[in-house]
file data_33.pdb (PDB, C-alpha atoms)
ATOM      1  CA  MET A   1       2.759  17.594  38.677
ATOM      2  CA  SER A   2      -0.132  15.760  40.362
ATOM      3  CA  LEU A   3      -1.421  12.415  39.133
ATOM      4  CA  ILE A   4      -4.723  13.980  38.040
ATOM      5  CA  VAL A   5      -2.922  16.671  36.046
ATOM      6  CA  ARG A   6      -0.643  14.090  34.412
ATOM      7  CA  LYS A   7      -3.591  11.910  33.423
ATOM      8  CA  THR A   8      -5.482  14.898  32.100
ATOM      9  CA  THR A   9      -2.439  15.954  30.079
ATOM     10  CA  HIS A  10      -2.013  12.486  28.587
ATOM     11  CA  LEU A  11      -5.710  12.306  27.705
ATOM     12  CA  ALA A  12      -5.493  15.668  26.013
ATOM     13  CA  ILE A  13      -2.437  14.575  24.030
ATOM     14  CA  PHE A  14      -4.130  11.306  23.076
ATOM     15  CA  ALA A  15      -7.257  13.117  21.935
ATOM     16  CA  SER A  16      -5.183  15.517  19.849
ATOM     17  CA  LEU A  17      -3.158  12.713  18.273
ATOM     18  CA  ALA A  18      -6.266  10.657  17.557
ATOM     19  CA  LEU A  19      -7.873  13.670  15.906
ATOM     20  CA  LEU A  20      -4.713  14.231  13.878
ATOM     21  CA  ALA A  21      -4.677  10.584  12.816
ATOM     22  CA  GLY A  22      -8.281  10.855  11.702
ATOM     23  CA  CYS A  23      -7.629  14.030   9.739
ATOM     24  CA  SER A  24      -4.519  12.644   8.076
ATOM     25  CA  GLY A  25      -6.238   9.441   6.924
ATOM     26  CA  SER A  26      -5.797   8.962   3.214
ATOM     27  CA  SER A  27      -8.193   6.436   1.765
ATOM     28  CA  PRO A  28      -7.094   5.922  -1.842
ATOM     29  CA  ASN A  29      -8.873   7.742  -4.636
ATOM     30  CA  LYS A  30     -10.165   6.012  -7.750
ATOM     31  CA  TYR A  31      -7.447   7.918  -9.687
ATOM     32  CA  ALA A  32      -8.961   9.139 -12.923
ATOM     33  CA  GLY A  33      -5.653   8.910 -14.792
ATOM     34  CA  LEU A  34      -5.404   5.113 -14.634
ATOM     35  CA  ASP A  35      -6.182   3.113 -17.775
ATOM     36  CA  SER A  36      -8.474   0.839 -15.761
ATOM     37  CA  SER A  37     -10.227   3.609 -13.822
ATOM     38  CA  SER A  38     -13.545   3.313 -15.694
ATOM     39  CA  ARG A  39     -13.721  -0.403 -14.913
ATOM     40  CA  LEU A  40     -12.958  -0.148 -11.206
ATOM     41  CA  THR A  41     -15.898  -0.460  -8.808
ATOM     42  CA  PRO A  42     -16.171  -0.372  -4.994
ATOM     43  CA  ASN A  43     -14.828  -3.593  -3.550
ATOM     44  CA  PRO A  44     -17.539  -5.492  -1.599
ATOM     45  CA  SER A  45     -15.081  -8.015  -0.132
ATOM     46  CA  GLU A  46     -13.766  -8.070   3.421
ATOM     47  CA  ASP A  47     -10.441  -6.578   2.323
ATOM     48  CA  SER A  48     -12.129  -3.356   1.161
ATOM     49  CA  ASP A  49     -10.319  -1.381   3.869
ATOM     50  CA  ARG A  50      -7.039  -2.043   2.023
ATOM     51  CA  ILE A  51      -8.475  -2.427  -1.510
ATOM     52  CA  PRO A  52     -11.378   0.028  -1.906
ATOM     53  CA  PHE A  53     -11.673  -0.317  -5.725
ATOM     54  CA  LYS A  54     -11.319  -3.453  -7.816
ATOM     55  CA  TYR A  55     -11.991  -5.157 -11.145
ATOM     56  CA  ALA A  56     -11.604  -8.903 -11.647
ATOM     57  CA  SER A  57     -12.498 -11.346 -14.408
ATOM     58  CA  PRO A  58     -12.605 -15.142 -13.974
ATOM     59  CA  VAL A  59      -9.071 -16.391 -14.587
ATOM     60  CA  ASP A  60      -7.267 -19.706 -14.294
ATOM     61  CA  TRP A  61      -3.923 -18.366 -13.101
ATOM     62  CA  LYS A  62      -2.341 -21.796 -13.509
ATOM     63  CA  LYS A  63      -2.180 -21.299 -17.289
ATOM     64  CA  TYR A  64       0.355 -18.509 -16.799
ATOM     65  CA  SER A  65       3.973 -19.378 -16.087
ATOM     66  CA  SER A  66       5.716 -16.054 -16.810
ATOM     67  CA  ILE A  67       5.219 -12.423 -15.903
ATOM     68  CA  ASN A  68       6.469  -9.237 -17.547
ATOM     69  CA  ILE A  69       6.661  -6.478 -14.915
ATOM     70  CA  GLU A  70       6.783  -3.080 -16.573
ATOM     71  CA  PRO A  71       8.800  -0.281 -14.925
ATOM     72  CA  VAL A  72       6.800   1.154 -12.017
ATOM     73  CA  THR A  73       5.045   4.397 -12.944
ATOM     74  CA  ILE A  74       4.793   7.354 -10.563
ATOM     75  CA  TYR A  75       1.297   8.798 -10.864
ATOM     76  CA  GLN A  76       1.197  12.387 -12.138
ATOM     77  CA  GLY A  77      -2.540  13.136 -11.885
ATOM     78  CA  SER A  78      -3.894  15.954  -9.736
ATOM     79  CA  ASP A  79      -5.755  13.388  -7.621
ATOM     80  CA  GLY A  80      -2.525  11.708  -6.523
ATOM     81  CA  GLN A  81      -1.938  11.466  -2.762
ATOM     82  CA  PHE A  82       1.742  12.122  -2.118
ATOM     83  CA  ASN A  83       1.287  14.870   0.501
ATOM     84  CA  ASP A  84       4.752  16.398   1.038
ATOM     85  CA  VAL A  85       6.741  13.375  -0.162
ATOM     86  CA  GLU A  86       9.676  14.670  -2.210
ATOM     87  CA  ARG A  87      10.091  13.547  -5.821
ATOM     88  CA  ALA A  88      13.361  11.809  -4.952
ATOM     89  CA  ASP A  89      11.565   9.795  -2.267
ATOM     90  CA  ARG A  90       8.795   8.892  -4.703
ATOM     91  CA  LYS A  91      11.449   7.593  -7.095
ATOM     92  CA  GLN A  92      13.047   5.602  -4.273
ATOM     93  CA  LEU A  93       9.715   3.986  -3.441
ATOM     94  CA  ALA A  94       9.015   3.207  -7.110
ATOM     95  CA  ASP A  95      12.423   1.538  -7.446
ATOM     96  CA  TYR A  96      11.826  -0.436  -4.259
ATOM     97  CA  MET A  97       8.405  -1.517  -5.530
ATOM     98  CA  GLN A  98       9.911  -2.741  -8.801
ATOM     99  CA  LYS A  99      12.513  -4.772  -6.946
ATOM    100  CA  LYS A 100      10.165  -6.196  -4.318
ATOM    101  CA  PHE A 101       7.315  -7.232  -6.617
ATOM    102  CA  SER A 102       9.805  -8.854  -9.009
ATOM    103  CA  GLU A 103      11.374 -10.750  -6.124
ATOM    104  CA  VAL A 104       8.095 -11.968  -4.629
ATOM    105  CA  LEU A 105       6.274 -12.802  -7.887
ATOM    106  CA  GLY A 106       9.416 -14.573  -9.046
ATOM    107  CA  LYS A 107       8.597 -17.275  -6.496
ATOM    108  CA  LYS A 108       5.721 -18.418  -8.732
ATOM    109  CA  PHE A 109       6.440 -16.997 -12.192
ATOM    110  CA  ARG A 110       9.428 -16.677 -14.453
ATOM    111  CA  VAL A 111      10.081 -12.926 -14.653
ATOM    112  CA  VAL A 112      10.622 -11.980 -18.310
ATOM    113  CA  SER A 113      10.974  -8.845 -20.401
ATOM    114  CA  ASP A 114       9.033  -9.978 -23.476
ATOM    115  CA  ASN A 115       5.424 -10.916 -24.229
ATOM    116  CA  ALA A 116       4.666 -14.504 -25.141
ATOM    117  CA  PRO A 117       1.824 -17.017 -24.682
ATOM    118  CA  GLY A 118       1.368 -17.923 -21.034
ATOM    119  CA  THR A 119       2.703 -14.553 -19.873
ATOM    120  CA  LEU A 120       1.089 -11.963 -17.635
ATOM    121  CA  LYS A 121       1.839  -8.260 -18.093
ATOM    122  CA  LEU A 122       1.866  -6.280 -14.857
ATOM    123  CA  LYS A 123       1.657  -2.511 -14.594
ATOM    124  CA  LEU A 124       2.228  -0.994 -11.154
ATOM    125  CA  THR A 125       1.527   2.677 -10.471
ATOM    126  CA  LEU A 126       2.645   4.412  -7.296
ATOM    127  CA  THR A 127      -0.273   6.756  -6.587
ATOM    128  CA  GLY A 128       0.397   8.075  -3.091
ATOM    129  CA  ALA A 129       2.545   7.803   0.012
ATOM    130  CA  ASP A 130       3.380   9.452   3.290
ATOM    131  CA  THR A 131       6.458   9.383   5.459
ATOM    132  CA  THR A 132       6.782   8.540   9.148
ATOM    133  CA  PRO A 133       7.864  11.494  11.314
ATOM    134  CA  GLN A 134      11.146  10.491  12.901
ATOM    135  CA  VAL A 135      11.348  10.122  16.694
ATOM    136  CA  ILE A 136       7.656  10.904  17.284
ATOM    137  CA  GLY A 137       6.615   7.984  15.096
ATOM    138  CA  THR A 138       8.520   5.634  17.422
ATOM    139  CA  PHE A 139       7.506   7.544  20.567
ATOM    140  CA  THR A 140       3.795   7.013  19.918
ATOM    141  CA  LYS A 141       4.226   3.223  20.126
ATOM    142  CA  PHE A 142       5.060   3.460  23.826
ATOM    143  CA  ASP A 143       3.750   6.774  25.157
ATOM    144  CA  LEU A 144       0.693   6.655  27.416
ATOM    145  CA  ALA A 145      -1.088   8.856  24.901
ATOM    146  CA  GLY A 146      -0.351   6.990  21.661
ATOM    147  CA  GLY A 147       0.221   3.469  22.960
ATOM    148  CA  PRO A 148      -3.436   2.552  23.645
ATOM    149  CA  TYR A 149      -4.527   3.931  20.279
ATOM    150  CA  ASN A 150      -1.897   1.898  18.430
ATOM    151  CA  ILE A 151      -2.791  -1.257  20.349
ATOM    152  CA  VAL A 152      -6.424  -0.936  19.279
ATOM    153  CA  GLN A 153      -5.386  -0.206  15.686
ATOM    154  CA  SER A 154      -3.072  -3.212  15.735
ATOM    155  CA  VAL A 155      -5.940  -5.509  16.675
ATOM    156  CA  ARG A 156      -8.241  -3.925  14.088
ATOM    157  CA  GLY A 157      -5.593  -4.014  11.370
ATOM    158  CA  GLY A 158      -5.727  -0.230  11.107
ATOM    159  CA  ARG A 159      -2.962   2.281  10.481
ATOM    160  CA  GLY A 160      -0.878   3.377  13.443
ATOM    161  CA  LEU A 161      -0.611   6.906  14.750
ATOM    162  CA  MET A 162       1.860   9.058  12.798
ATOM    163  CA  SER A 163       2.650   6.115  10.511
ATOM    164  CA  GLY A 164       3.585   6.307   6.853
ATOM    165  CA  TYR A 165       1.780   4.340   4.145
ATOM    166  CA  VAL A 166       1.774   3.673   0.424
ATOM    167  CA  ASN A 167      -1.040   3.822  -2.149
ATOM    168  CA  TYR A 168      -0.695   2.100  -5.525
ATOM    169  CA  ALA A 169      -2.572   0.572  -8.437
ATOM    170  CA  VAL A 170      -2.213  -2.915  -9.886
ATOM    171  CA  GLU A 171      -3.243  -3.585 -13.503
ATOM    172  CA  LEU A 172      -2.703  -7.107 -14.787
ATOM    173  CA  HIS A 173      -3.215  -8.084 -18.447
ATOM    174  CA  ASP A 174      -2.772 -11.107 -20.644
ATOM    175  CA  ALA A 175       0.447 -10.247 -22.452
ATOM    176  CA  ILE A 176      -0.776 -11.470 -25.860
ATOM    177  CA  THR A 177      -4.425 -10.394 -25.966
ATOM    178  CA  ASP A 178      -3.962  -7.360 -23.676
ATOM    179  CA  GLU A 179      -7.191  -8.377 -21.911
ATOM    180  CA  LEU A 180      -7.484  -6.810 -18.462
ATOM    181  CA  LEU A 181      -7.617  -9.685 -15.984
ATOM    182  CA  LEU A 182      -7.272  -7.964 -12.618
ATOM    183  CA  ALA A 183      -7.027  -4.380 -11.452
ATOM    184  CA  TYR A 184      -7.256  -2.760  -8.056
ATOM    185  CA  ILE A 185      -6.198   0.208  -5.992
ATOM    186  CA  ALA A 186      -4.628  -0.512  -2.627
ATOM    187  CA  GLU A 187      -3.342   1.139   0.504
ATOM    188  CA  GLN A 188      -0.759  -0.674   2.614
ATOM    189  CA  TYR A 189       1.006   0.133   5.880
ATOM    190  CA  PRO A 190       2.731  -1.727   8.720
ATOM    191  CA  ASN A 191       1.014  -3.187  11.748
ATOM    192  CA  ALA A 192       0.319  -0.326  14.170
ATOM    193  CA  MET A 193       2.740  -1.801  16.737
ATOM    194  CA  ASN A 194       5.569  -2.475  14.268
ATOM    195  CA  VAL A 195       8.358  -0.458  15.890
ATOM    196  CA  GLY A 196      10.935  -1.436  13.265
ATOM    197  CA  ALA A 197       8.869   0.288  10.565
ATOM    198  CA  THR A 198       9.301   3.651  12.317
ATOM    199  CA  PHE A 199      13.070   3.823  11.786
ATOM    200  CA  GLY A 200      13.550   5.732   8.547
ATOM    201  CA  ALA A 201      11.056   8.122   7.011
ATOM    202  CA  LEU A 202      10.184   5.687   4.178
ATOM    203  CA  SER A 203      10.349   2.460   6.200
ATOM    204  CA  ALA A 204       6.584   2.260   6.779
ATOM    205  CA  ALA A 205       5.830   2.816   3.092
ATOM    206  CA  GLU A 206       8.417   0.175   2.150
ATOM    207  CA  THR A 207       6.862  -2.263   4.625
ATOM    208  CA  GLY A 208       3.533  -1.540   2.937
ATOM    209  CA  ILE A 209       5.095  -2.433  -0.414
ATOM    210  CA  ASP A 210       6.352  -5.707   1.070
ATOM    211  CA  LYS A 211       2.831  -6.556   2.197
ATOM    212  CA  GLY A 212       1.385  -5.517  -1.148
ATOM    213  CA  ALA A 213       3.696  -7.830  -3.082
ATOM    214  CA  ASP A 214       2.773 -10.771  -0.847
ATOM    215  CA  GLN A 215      -0.903  -9.889  -1.240
ATOM    216  CA  LEU A 216      -0.739  -9.962  -5.049
ATOM    217  CA  LEU A 217       1.116 -13.270  -5.045
ATOM    218  CA  GLU A 218      -1.626 -14.759  -2.872
ATOM    219  CA  LYS A 219      -4.297 -13.537  -5.309
ATOM    220  CA  LEU A 220      -2.549 -15.298  -8.208
ATOM    221  CA  GLN A 221      -2.434 -18.725  -6.610
TER     222      GLN A 221
END

call {"tool": "encode", "arguments": {"input": "data_33.pdb", "output": "structure tokens"}}
result
Amino acid sequence: MSLIVRKTTHLAIFASLALLAGCSGSSPNKYAGLDSSSRLTPNPSEDSDRIPFKYASPVDWKKYSSINIEPVTIYQGSDGQFNDVERADRKQLADYMQKKFSEVLGKKFRVVSDNAPGTLKLKLTLTGADTTPQVIGTFTKFDLAGGPYNIVQSVRGGRGLMSGYVNYAVELHDAITDELLLAYIAEQYPNAMNVGATFGALSAAETGIDKGADQLLEKLQ
């Protein structure tokens, strides 16, 4: 195969993969079935690419020392974004989210199971996810077709080609008054050049959950 033909072939593959990536993009919905849906508005902040909808009231987070993390809910509404993710995989991601958020938020708060003064009540809802196609998900990190695209996405903070992701909602209340303090819908995924997050169909979504837990902890400082 001549050099010109090889280059043309790679460009054609890259164009096809880029088009596929664009078509498979899954910006989170507002999710009508969430309790906080009517209070969510488009997020004007610089993190709107990851958090498109948000509600926040002025809060002194330092007055809270404990957090009650309810069991993670798997969204059942027709506007959910689970693509072809099997129910068993959704359950696995919900369990992982419960464990990870408890672990990370436990660095600042005492994780409790009751409601008392000085306690936050956190409701997490898994609203969407996609898996990473095995083999091809790793292949696109290095191939002449996918590599350049992923490098650009890595710099931009965008999602990599053929990469899984996770969508979820955060709703945080005062445990005693039940006042809604913070709510948002988020999409998280690994860095586009994170090769480790391509091993395992759910690894990218789980990496997204890791990032989401760290993100919430940062917001509560």

call {"tool": "residues_around", "arguments": {"input": "data_33.pdb", "residues": "stretch 94-102 of chain A", "least_positions_apart": "3", "cutoff": "6 Å", "atoms": "all atoms listed in the file", "output": "number ranges by chain"}}
result
A: 72, 91, 105-106, 213

call {"tool": "resolve_selection", "arguments": {"input": "data_33.pdb", "expression": "the PyMOL selection byres ((chain A and resi 90) around 12)", "output": "JSON, numbers by chain"}}
result
{"A": [72, 73, 74, 75, 76, 80, 81, 82, 83, 84, 85, 86, 87, 88, 89, 91, 92, 93, 94, 95, 96, 97, 125, 126, 127, 128, 129, 130, 131, 166, 167, 168, 201, 202, 205, 206]}

call {"tool": "write_last_selection", "arguments": {"input": "data_33.pdb", "atoms": "C-alpha atoms", "output": "short mmCIF file (atom, residue, chain, number, x, y, z; two decimals), in the coordinates of the input"}}
result
data_model
loop_
_atom_site.label_atom_id
_atom_site.label_comp_id
_atom_site.auth_asym_id
_atom_site.auth_seq_id
_atom_site.Cartn_x
_atom_site.Cartn_y
_atom_site.Cartn_z
CA VAL A 72 6.80 1.15 -12.02
CA THR A 73 5.04 4.40 -12.94
CA ILE A 74 4.79 7.35 -10.56
CA TYR A 75 1.30 8.80 -10.86
CA GLN A 76 1.20 12.39 -12.14
CA GLY A 80 -2.52 11.71 -6.52
CA GLN A 81 -1.94 11.47 -2.76
CA PHE A 82 1.74 12.12 -2.12
CA ASN A 83 1.29 14.87 0.50
CA ASP A 84 4.75 16.40 1.04
CA VAL A 85 6.74 13.38 -0.16
CA GLU A 86 9.68 14.67 -2.21
CA ARG A 87 10.09 13.55 -5.82
CA ALA A 88 13.36 11.81 -4.95
CA ASP A 89 11.56 9.80 -2.27
CA LYS A 91 11.45 7.59 -7.10
CA GLN A 92 13.05 5.60 -4.27
CA LEU A 93 9.72 3.99 -3.44
CA ALA A 94 9.02 3.21 -7.11
CA ASP A 95 12.42 1.54 -7.45
CA TYR A 96 11.83 -0.44 -4.26
CA MET A 97 8.40 -1.52 -5.53
CA THR A 125 1.53 2.68 -10.47
CA LEU A 126 2.64 4.41 -7.30
CA THR A 127 -0.27 6.76 -6.59
CA GLY A 128 0.40 8.07 -3.09
CA ALA A 129 2.54 7.80 0.01
CA ASP A 130 3.38 9.45 3.29
CA THR A 131 6.46 9.38 5.46
CA VAL A 166 1.77 3.67 0.42
CA ASN A 167 -1.04 3.82 -2.15
CA TYR A 168 -0.70 2.10 -5.52
CA ALA A 201 11.06 8.12 7.01
CA LEU A 202 10.18 5.69 4.18
CA ALA A 205 5.83 2.82 3.09
CA GLU A 206 8.42 0.18 2.15
#

call {"tool": "atom_distance", "arguments": {"input": "data_33.pdb", "atom1": "atom CA of A:Ser38", "atom2": "atom CA of A:Glu187"}}
result
19.3 Å

call {"tool": "atom_distance", "arguments": {"input": "data_33.pdb", "atom1": "atom CA of A:Ala175", "atom2": "atom CA of A:Asn68"}}
result
7.8 Å

call {"tool": "resolve_selection", "arguments": {"input": "data_33.pdb", "expression": "the PyMOL selection byres ((chain A and resi 121) around 7)", "output": "ChimeraX atom specification"}}
result
/A:67-69,119-120,122-123,172-175

call {"tool": "closest_residue", "arguments": {"input": "data_33.pdb", "among": "A:Thr177, A:Gln221, A:Gln188, A:Ser66", "to": "A:Ile51", "atoms": "all atoms listed in the file"}}
result
A:Gln188

call {"tool": "residues_around", "arguments": {"input": "data_33.pdb", "residues": "A:Ser65", "least_positions_apart": "2", "cutoff": "7 Å", "atoms": "all atoms listed in the file", "output": "NGL selection string"}}
result
:A and (63 or 109-110 or 118-119)

call {"tool": "closest_residue", "arguments": {"input": "data_33.pdb", "among": "A:Gly212, A:Gly33, A:Pro190, A:Pro28", "to": "A:Ser78", "atoms": "all atoms listed in the file"}}
result
A:Gly33

call {"tool": "closest_residue", "arguments": {"input": "data_33.pdb", "among": "A:Leu181, A:Leu217, A:Ala32, A:Ile209", "to": "A:Lys108", "atoms": "all atoms listed in the file"}}
result
A:Leu217

call {"tool": "axis_aligned_box", "arguments": {"input": "data_33.pdb", "around": "stretch 26-45 of chain A", "padding_each_side": "8 Å", "output": "lines of an AutoDock Vina configuration file"}}
result
center_x = -11.5
center_y = 0.6
center_z = -7.3
size_x = 28.1
size_y = 33.2
size_z = 37.0

call {"tool": "atom_distance", "arguments": {"input": "data_33.pdb", "atom1": "atom CA of A:Glu171", "atom2": "atom CA of A:Tyr184"}}
result
6.8 Å

call {"tool": "residues_around", "arguments": {"input": "data_33.pdb", "residues": "A:Ile176", "least_positions_apart": "3", "cutoff": "7 Å", "atoms": "only C-alpha atoms", "output": "list in words"}}
result
Asn115, Ala116 and Pro117 of chain A

call {"tool": "closest_residue", "arguments": {"input": "data_33.pdb", "among": "A:Thr41, A:Ser203, A:Ser57, A:Asn29", "to": "A:Glu179", "atoms": "all atoms listed in the file"}}
result
A:Ser57

call {"tool": "closest_residue", "arguments": {"input": "data_33.pdb", "among": "A:Val59, A:Asp47, A:Pro133, A:Tyr31", "to": "A:Leu180", "atoms": "all atoms listed in the file"}}
result
A:Val59
